[in-house]
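J.: Have a look at the structure that comes next, please.
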Amino acid sequence: MAEARVSYAPTEEVTLLRNTAREFLDDRLPIPTVRELMMTPEGFDRSLWKEMADLGWTGLAIPEEHGGAGYGPVELSVIFEEMGRMVTPGPFFATVGLATPVIMTLADDEQKAELLPGIASGETIATLAVFEGSRDWGLEAIETTATRDGDRWMISGVKKHVLDGHLADLFLVAARTDDGVAVFPVRAGETGVGVEQVDVLDPTRRQGNVAFEGVAAGRPLGGGPAADGLKKALAMASSLLANEQVGGAQRCLEMSTEYAKTRHQFGRPIGSFQAVKHRCARMLVKVEHAKSVAYHAVRVTDDEQEFAIAAPLAASVASEAYVWAAGENIQLHGGIGFTWEHDAHLYLKRAKTSSLLLGDPRFHRQRLGDVLGL
Amino acid sequence: MSDHDLERVEGLIRQLLEGHPPAETPDKEFWGAQYDLGLAWVWHPEGEGGLGLPRRYQTIINRRLVEAGASIDNRARNVLGIGMGAGVLTTHGTSEQKQRWLRPMFTTEEIWCQMFSEPGAGSDVAGLATMAVRDGDEWVVNGQKVWTTLAHLAKWGMLVARTNPDVPKHQGLTYFVVDMESPGVEVRPLYQITGEAEFNEVFFNDARIPDANRIDAVGAGWRVALTTLMNERVAIGGNTVPRGAGRIAEAIGAWKEYGDGDPVMRDELVRLWAEVEAARLTAIRADEMAEAGIPGPEGSTGKLAWADNNKAVMSFTLELMGLDGTLYPGGYQLVRPAVFEGRPPQHGFLRTRANSIEGGTSEVMLNILAERVLGLPGDPRVDKDVPWREVPRG
């Protein structure tokens with residue numbers, strides 16, 4: 001198989017975005033603020049959303065004709081990586097990482113013109129309402145139905161694990177029609193939409209159960225069934241998530257390394273003990289590998305064949321690397337790492353839940369094995 | 001890449017191929033001409049097999065030569081000389097030494113080996129005990145080296161020996177080039193767990209080395225050795241292979257023959273494939289970042305990952321084979337291996353055990369990553385300021 005040459009060296013835009021993101025998050029969403037927000041009922045401060053939109057982040061990968069900046073997944077991935085470092089709370093992944101790729105992949109021009117400008121401007125928080133069964137990442141068992149009623153559709157069913165459902169203005173609802181699964185845009189204010197926030201393992205990323213009781217909807221995205229497109233959009237979402245995971249894993253490595261240099265036991269910095277320094281070195285290797293697959297995935301999204309390999313590769317490797325690094329980080333900190341006061345648990349919670357949101361590593365490996373013909 | 005330099009290189013390649021058509025020219029003669037034109041190690045100075053150009057031009061040269069049907073097998077045949085010895089000579093050698101040794105090294109007329117490790121000095125190679133004592137214009141060497149690749153074919157050996165036991169270990173070493181055919185040098189095959197002898201033991205009994213064959217100053221041996229080891233670790237694990245090539249191909253072969261669709265085995269196979277691919281993409285990313293002038297930690301993880309992955313993949317391959325994994329086709333032959341390709345997975349299972357030992361153990365690699373990349377403090381070294389003679393050994 002001939003390999004397309006992929007460029008990893010950061011462009012000027014990427015460097016600028018990274019610097020801006022780091023400054024903004026350090027200033028407006030430092031970890032103490034994250035910890036305050038995670039104890040609030042909503043888990044987020046909507047005024048921050050406006051600020052992110054003003055920085056151009058919500059529309060970064062939305063075409064200019066629809067009010068965005070017209071960049072691609074490479075530029076967008078940098079924002080996710082930086083947010084991952086800071087376990088940034090809020091609906092950025094739901095809106096920009098999940099809902100936007102679904103719209104970009106499935107919607108026709110008219111629907112894009114209707115839905116994307118609001119996301120780009122920060123007016124709309126959107127999310128994907130897709131999962132029902134707890135391990136149905138392959139979307140085999142969707143029971144929510146959409147039945148035609150003249151030129152309208154009626155949607156009925158309950159969606160679970162809807163990311164930031166309690167904040168969303170717009171739901172993209174996957175529902176079964178006679179012709180297959182289609183995705184319907186539904187405004188949160190429609191009659192029959194009921195959102196119930198659920199308690200989550202990672203309080204920096206909220207979920208809701210969303211009931212649709214005979215909710216009226218317009219045309220589905222792209223006008224018809226969209227199971228394949230939906231899976232493609234989820235592959236894009238998992239590649240962006242992989243970059244967020246990389247940022248978190250890198251931060252775990254940094255926390256561990258810093259602590260190993262300063263914490264003294266037996267009259268020495270603990271980082272001078274091989275039992276400790278080898279753990280750090282192994283974290284480094286895993287984190288670098290996770291970066292490689294995550295960076296690769298967002299660079300080959302236009303190459304269908306390569307992306308079919310790159311997306312599940314990134315999702316499985318980055319997921320395992322982050323969960324492992326977050327666990328090692330706690331172990332390396334010892335007792336203090338197990339306290340509520342220390343930040344290590346924020347990363348463990350984010351890591352474990354992220355590795356389950358769009359498919360566990362085994363699910364992604366199954367897909368990878370299929371693509372590889374194994 | 002400057003157009004002018006590229007044109008110059010292209011012109012010299014043409015000159016080489018026209019003057020010495022690969023199909024009609026014996027390999028050694030071709031490599032000699034390649035050396036004389038400065039296309040052997042393009043980054044070396046002119047007159048030393050190079051043109052003083054960046055290393056990346058060598059990639060172009062090698063590709064063009066292969067396309068034209070020329071052999072670049074000399075790099076494999078004389079891997080320690082061309083891969084490591086040449087770097088040592090250009091960095092530390094005198095002009096006489098370079099003139100004497102570089103050309104026949106490149107043509108493979110003279111094969112090289114490297115003698116660092118000893119039975120009592122593995123990871124702590126600076127603690128080595130082979131002694132060289134000055135006697136007029138010569139040095140008299142006594143001691144034993146081990147794990148010496150190609151020693152049985154080599155004309156020259158790179159030797160690190162202790163010339164002063166009364167100073168701390170790193171300060172008392174000197175680097176020599178030994179004539180492996182000289183009296184007092186005895187090479188014996190060292191049989192490894194595959195039954196084969198890829199390596200040798202070398203015994204020195206009053207072997208004599210002219211002082212003219214000393215590389216750099218007396219006592220500077222550790223510095224020279226570090227140049228060699230650095231080149232070694234670049235040579236191992238820093239190469240990018242095509243996707244799915246290498247040891248993982250053996251696992252996939254076994255999966256197709258034995259796997260029978262077992263979902264548990266398949267998950268493990270894909271997990272290993274993903275690990276290997278992640279390491280491969282890391283090597284590619286490292287190359288590109290280095291080329292762009294921003295080398296980062298991704299360039300240092302390759303050797304460790306390569307060793308871990310190879311061992312895991314071959315162990316899993318035998319599991320896939322089930323009871324057939326318990327066989328050893330062809331049996332154990334106590335010989336020097338003639339071929340390294342096409343061996344059964346059981347051989348690979350055994351051979352890969354060395355991957356985390358040779359060229360720096362994985363534990364040493366982890367220390368290097370932790371201390372040099374992450375900046376963690378070093379181990380306390382109890383032998384650091386102690387004369388070598390007083391350090392406990394065994």
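Following the order of the structure tokens, first chain is A, next is B, and so on, with residues numbered from 1 inside each chain and ligands from 1 in the order they appear.
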What residues in chain B lie within 8 Å of chain A, counting only C-alpha atoms, written as number ranges by chain?
T.: B: 252, 255-256, 266-267, 270-271, 274-275, 278-279, 281-282, 285, 288-289, 292, 297-298, 301, 305, 363, 366-367, 369-370, 374, 376-380
J.: If you run DSSP over the backbone, which residues in segment 78-216 of chain A end up helix (DSSP H, G or I)? Put them as an NGL selection string.
T.: :A and (78-85 or 92-106 or 109-121)
J.: Taking 5 positions as the minimum chain separation for residues in the same chain, which residues sit within 9 Å of Leu318 of chain B when counting only C-alpha atoms? Answer as a PyMOL selection string.
T.: chain B and resi 251+254+313+323-326+345-346+349
J.: Write out the residues from the selection above, keeping C-alpha atoms, as a PDB file, in the first residue's frame.
T.:
```pdb
ATOM      1  CA  ALA B 251       1.780 -13.050  13.654  1.00  0.00           C
ATOM      2  CA  ALA B 254       0.016 -17.486  11.930  1.00  0.00           C
ATOM      3  CA  VAL B 313       4.389 -10.310  18.908  1.00  0.00           C
ATOM      4  CA  LEU B 323       0.766 -27.172  19.849  1.00  0.00           C
ATOM      5  CA  ASP B 324       2.657 -26.474  16.623  1.00  0.00           C
ATOM      6  CA  GLY B 325       4.279 -23.693  18.595  1.00  0.00           C
ATOM      7  CA  THR B 326       6.012 -26.377  20.631  1.00  0.00           C
ATOM      8  CA  PRO B 345       8.343 -18.192  14.225  1.00  0.00           C
ATOM      9  CA  GLN B 346       9.804 -20.390  16.965  1.00  0.00           C
ATOM     10  CA  PHE B 349      10.384 -16.187  19.529  1.00  0.00           C
TER      11      PHE B 349
END
```
J.: Which of segment 67-206 of chain B end up as strand (DSSP E or B) when DSSP is run on this backbone - answer as number ranges by chain?
T.: B: 112-115, 118, 121, 131-135, 138-146, 156-162, 168, 173-179, 185-190, 199-206
J.: Could you write those residues out with C-alpha atoms, as a PDB file, in the first residue's frame?
T.:
```pdb
ATOM      1  CA  TRP B 112      34.866  -4.394  11.035  1.00  0.00           C
ATOM      2  CA  CYS B 113      33.642  -5.497  14.423  1.00  0.00           C
ATOM      3  CA  GLN B 114      33.128  -3.726  17.733  1.00  0.00           C
ATOM      4  CA  MET B 115      34.444  -4.946  21.096  1.00  0.00           C
ATOM      5  CA  GLU B 118      32.686  -8.133  28.499  1.00  0.00           C
ATOM      6  CA  ALA B 121      30.722  -5.386  31.892  1.00  0.00           C
ATOM      7  CA  MET B 131      43.750  -4.036  30.015  1.00  0.00           C
ATOM      8  CA  ALA B 132      46.049  -2.324  27.532  1.00  0.00           C
ATOM      9  CA  VAL B 133      49.550  -1.577  28.820  1.00  0.00           C
ATOM     10  CA  ARG B 134      51.932   0.664  26.939  1.00  0.00           C
ATOM     11  CA  ASP B 135      55.189  -0.871  25.722  1.00  0.00           C
ATOM     12  CA  GLU B 138      52.849  -0.489  21.133  1.00  0.00           C
ATOM     13  CA  TRP B 139      50.114  -1.490  23.550  1.00  0.00           C
ATOM     14  CA  VAL B 140      49.883  -4.974  25.008  1.00  0.00           C
ATOM     15  CA  VAL B 141      46.307  -6.179  25.478  1.00  0.00           C
ATOM     16  CA  ASN B 142      44.917  -8.870  27.797  1.00  0.00           C
ATOM     17  CA  GLY B 143      41.292  -9.669  28.518  1.00  0.00           C
ATOM     18  CA  GLN B 144      38.042 -10.960  27.051  1.00  0.00           C
ATOM     19  CA  LYS B 145      35.258  -9.438  24.980  1.00  0.00           C
ATOM     20  CA  VAL B 146      31.844 -10.938  24.330  1.00  0.00           C
ATOM     21  CA  TRP B 156      39.596  -4.700  12.150  1.00  0.00           C
ATOM     22  CA  GLY B 157      38.039  -4.420  15.567  1.00  0.00           C
ATOM     23  CA  MET B 158      37.069  -1.341  17.527  1.00  0.00           C
ATOM     24  CA  LEU B 159      38.305  -1.985  21.042  1.00  0.00           C
ATOM     25  CA  VAL B 160      37.806  -0.113  24.284  1.00  0.00           C
ATOM     26  CA  ALA B 161      40.376  -1.112  26.876  1.00  0.00           C
ATOM     27  CA  ARG B 162      41.458   0.083  30.292  1.00  0.00           C
ATOM     28  CA  PRO B 168      37.514   6.508  38.110  1.00  0.00           C
ATOM     29  CA  LEU B 173      39.665   4.031  29.016  1.00  0.00           C
ATOM     30  CA  THR B 174      41.306   4.286  25.594  1.00  0.00           C
ATOM     31  CA  TYR B 175      39.923   3.418  22.166  1.00  0.00           C
ATOM     32  CA  PHE B 176      41.936   1.339  19.693  1.00  0.00           C
ATOM     33  CA  VAL B 177      41.600  -0.292  16.314  1.00  0.00           C
ATOM     34  CA  VAL B 178      42.902  -3.875  16.512  1.00  0.00           C
ATOM     35  CA  ASP B 179      44.074  -6.076  13.665  1.00  0.00           C
ATOM     36  CA  VAL B 185      43.730 -12.409  19.250  1.00  0.00           C
ATOM     37  CA  GLU B 186      41.517 -15.476  19.376  1.00  0.00           C
ATOM     38  CA  VAL B 187      37.916 -15.532  18.156  1.00  0.00           C
ATOM     39  CA  ARG B 188      35.519 -18.265  19.298  1.00  0.00           C
ATOM     40  CA  PRO B 189      31.869 -18.682  18.335  1.00  0.00           C
ATOM     41  CA  LEU B 190      29.360 -17.870  21.104  1.00  0.00           C
ATOM     42  CA  PHE B 199      28.184 -13.597  17.899  1.00  0.00           C
ATOM     43  CA  ASN B 200      31.656 -14.358  19.158  1.00  0.00           C
ATOM     44  CA  GLU B 201      33.866 -14.226  22.156  1.00  0.00           C
ATOM     45  CA  VAL B 202      37.248 -12.621  21.615  1.00  0.00           C
ATOM     46  CA  PHE B 203      40.231 -13.427  23.827  1.00  0.00           C
ATOM     47  CA  PHE B 204      43.331 -11.236  24.035  1.00  0.00           C
ATOM     48  CA  ASN B 205      46.559 -12.836  25.209  1.00  0.00           C
ATOM     49  CA  ASP B 206      49.418 -10.340  24.963  1.00  0.00           C
TER      50      ASP B 206
END
```
J.: Residues within 9 Å of segment 329-336 of chain A, please, as JSON, numbers by chain. Count only C-alpha atoms; anything in the same chain fewer than 4 positions from it doesn't count.
T.: {"A": [252, 253, 255, 256, 259, 260, 263, 276, 279, 280, 324, 325, 340, 341, 342, 344, 345, 347, 348]}
J.: Just C-alpha atoms for this one: save the residues we selected as a CSV table (one decimal), in the first residue's frame.
T.:
```csv
chain,number,residue,atom,x,y,z
A,252,CYS,CA,-0.6,13.2,33.4
A,253,LEU,CA,3.0,12.6,32.3
A,255,MET,CA,2.3,16.0,36.6
A,256,SER,CA,4.1,12.7,37.4
A,259,TYR,CA,6.2,15.3,41.3
A,260,ALA,CA,9.0,12.7,40.8
A,263,ARG,CA,8.9,14.6,46.2
A,276,VAL,CA,9.6,5.4,39.7
A,279,ARG,CA,7.2,4.3,35.1
A,280,CYS,CA,7.6,7.9,33.9
A,324,TRP,CA,-3.2,3.9,31.7
A,325,ALA,CA,-1.4,7.2,32.1
A,340,TRP,CA,-10.2,14.8,46.3
A,341,GLU,CA,-8.0,17.8,46.7
A,342,HIS,CA,-5.4,16.6,44.2
A,344,ALA,CA,-5.2,13.5,39.5
A,345,HIS,CA,-8.7,12.1,39.8
A,347,TYR,CA,-7.9,13.0,34.7
A,348,LEU,CA,-8.7,9.4,35.6
```
J.: Which residues are near Thr353 of chain A? Cut-off 9 Å, only C-alpha atoms, ignore same chain within fewer than 5 positions. Put them as a PDB file with N, CA and C atoms, in the first residue's frame.
T.:
```pdb
ATOM      1  N   LEU A 201     -19.737   9.736  36.091  1.00  0.00           N
ATOM      2  CA  LEU A 201     -18.421   9.448  36.670  1.00  0.00           C
ATOM      3  C   LEU A 201     -17.481  10.640  36.513  1.00  0.00           C
ATOM      4  N   ASP A 202     -17.576  11.298  35.365  1.00  0.00           N
ATOM      5  CA  ASP A 202     -16.730  12.463  35.106  1.00  0.00           C
ATOM      6  C   ASP A 202     -17.583  13.719  35.142  1.00  0.00           C
ATOM      7  N   ARG A 205     -17.830  16.337  32.298  1.00  0.00           N
ATOM      8  CA  ARG A 205     -18.538  16.125  31.026  1.00  0.00           C
ATOM      9  C   ARG A 205     -19.852  15.453  31.354  1.00  0.00           C
ATOM     10  N   LEU A 348      -8.294  10.810  35.678  1.00  0.00           N
ATOM     11  CA  LEU A 348      -8.715   9.404  35.633  1.00  0.00           C
ATOM     12  C   LEU A 348     -10.175   9.292  35.184  1.00  0.00           C
TER      13      LEU A 348
END
```
J.: Could you list, as number ranges by chain, every residue within 6 Å of Asn355 of chain B, counting only C-alpha atoms and ignoring same-chain residues fewer than 3 positions away?
T.: B: 307, 352, 358
J.: Based on the selection just made, write C-alpha atoms of those residues as a PDB file, in the first residue's frame.
T.:
```pdb
ATOM      1  CA  ALA B 307      12.100  -4.539  21.610  1.00  0.00           C
ATOM      2  CA  THR B 352      13.623 -11.540  19.913  1.00  0.00           C
ATOM      3  CA  GLU B 358      21.342  -5.892  22.625  1.00  0.00           C
TER       4      GLU B 358
END
```
J.: So that I can check the surroundings of Pro101 of chain A, please list as a ChimeraX atom specification every protein, DNA and RNA residue that reaches within 8 Å of it, counting only C-alpha atoms and ignoring chain neighbours fewer than 3 positions away.
T.: /A:96-98,104-105,233-234,236-237
J.: Which residue gives the smallest distance to Val200 of chain A among A:Leu116, A:Met39, A:Ala326, A:Leu17, with only C-alpha atoms counted?
T.: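 Answer, going by the shortest atom-to-atom distance: A:Met39.
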J.: Between atom CA of Gly223 of chain A and atom CA of Asp108 of chain A, measure the distance and give it in Å to one decimal.
T.: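 Interatomic distance here is 7.8 Å.
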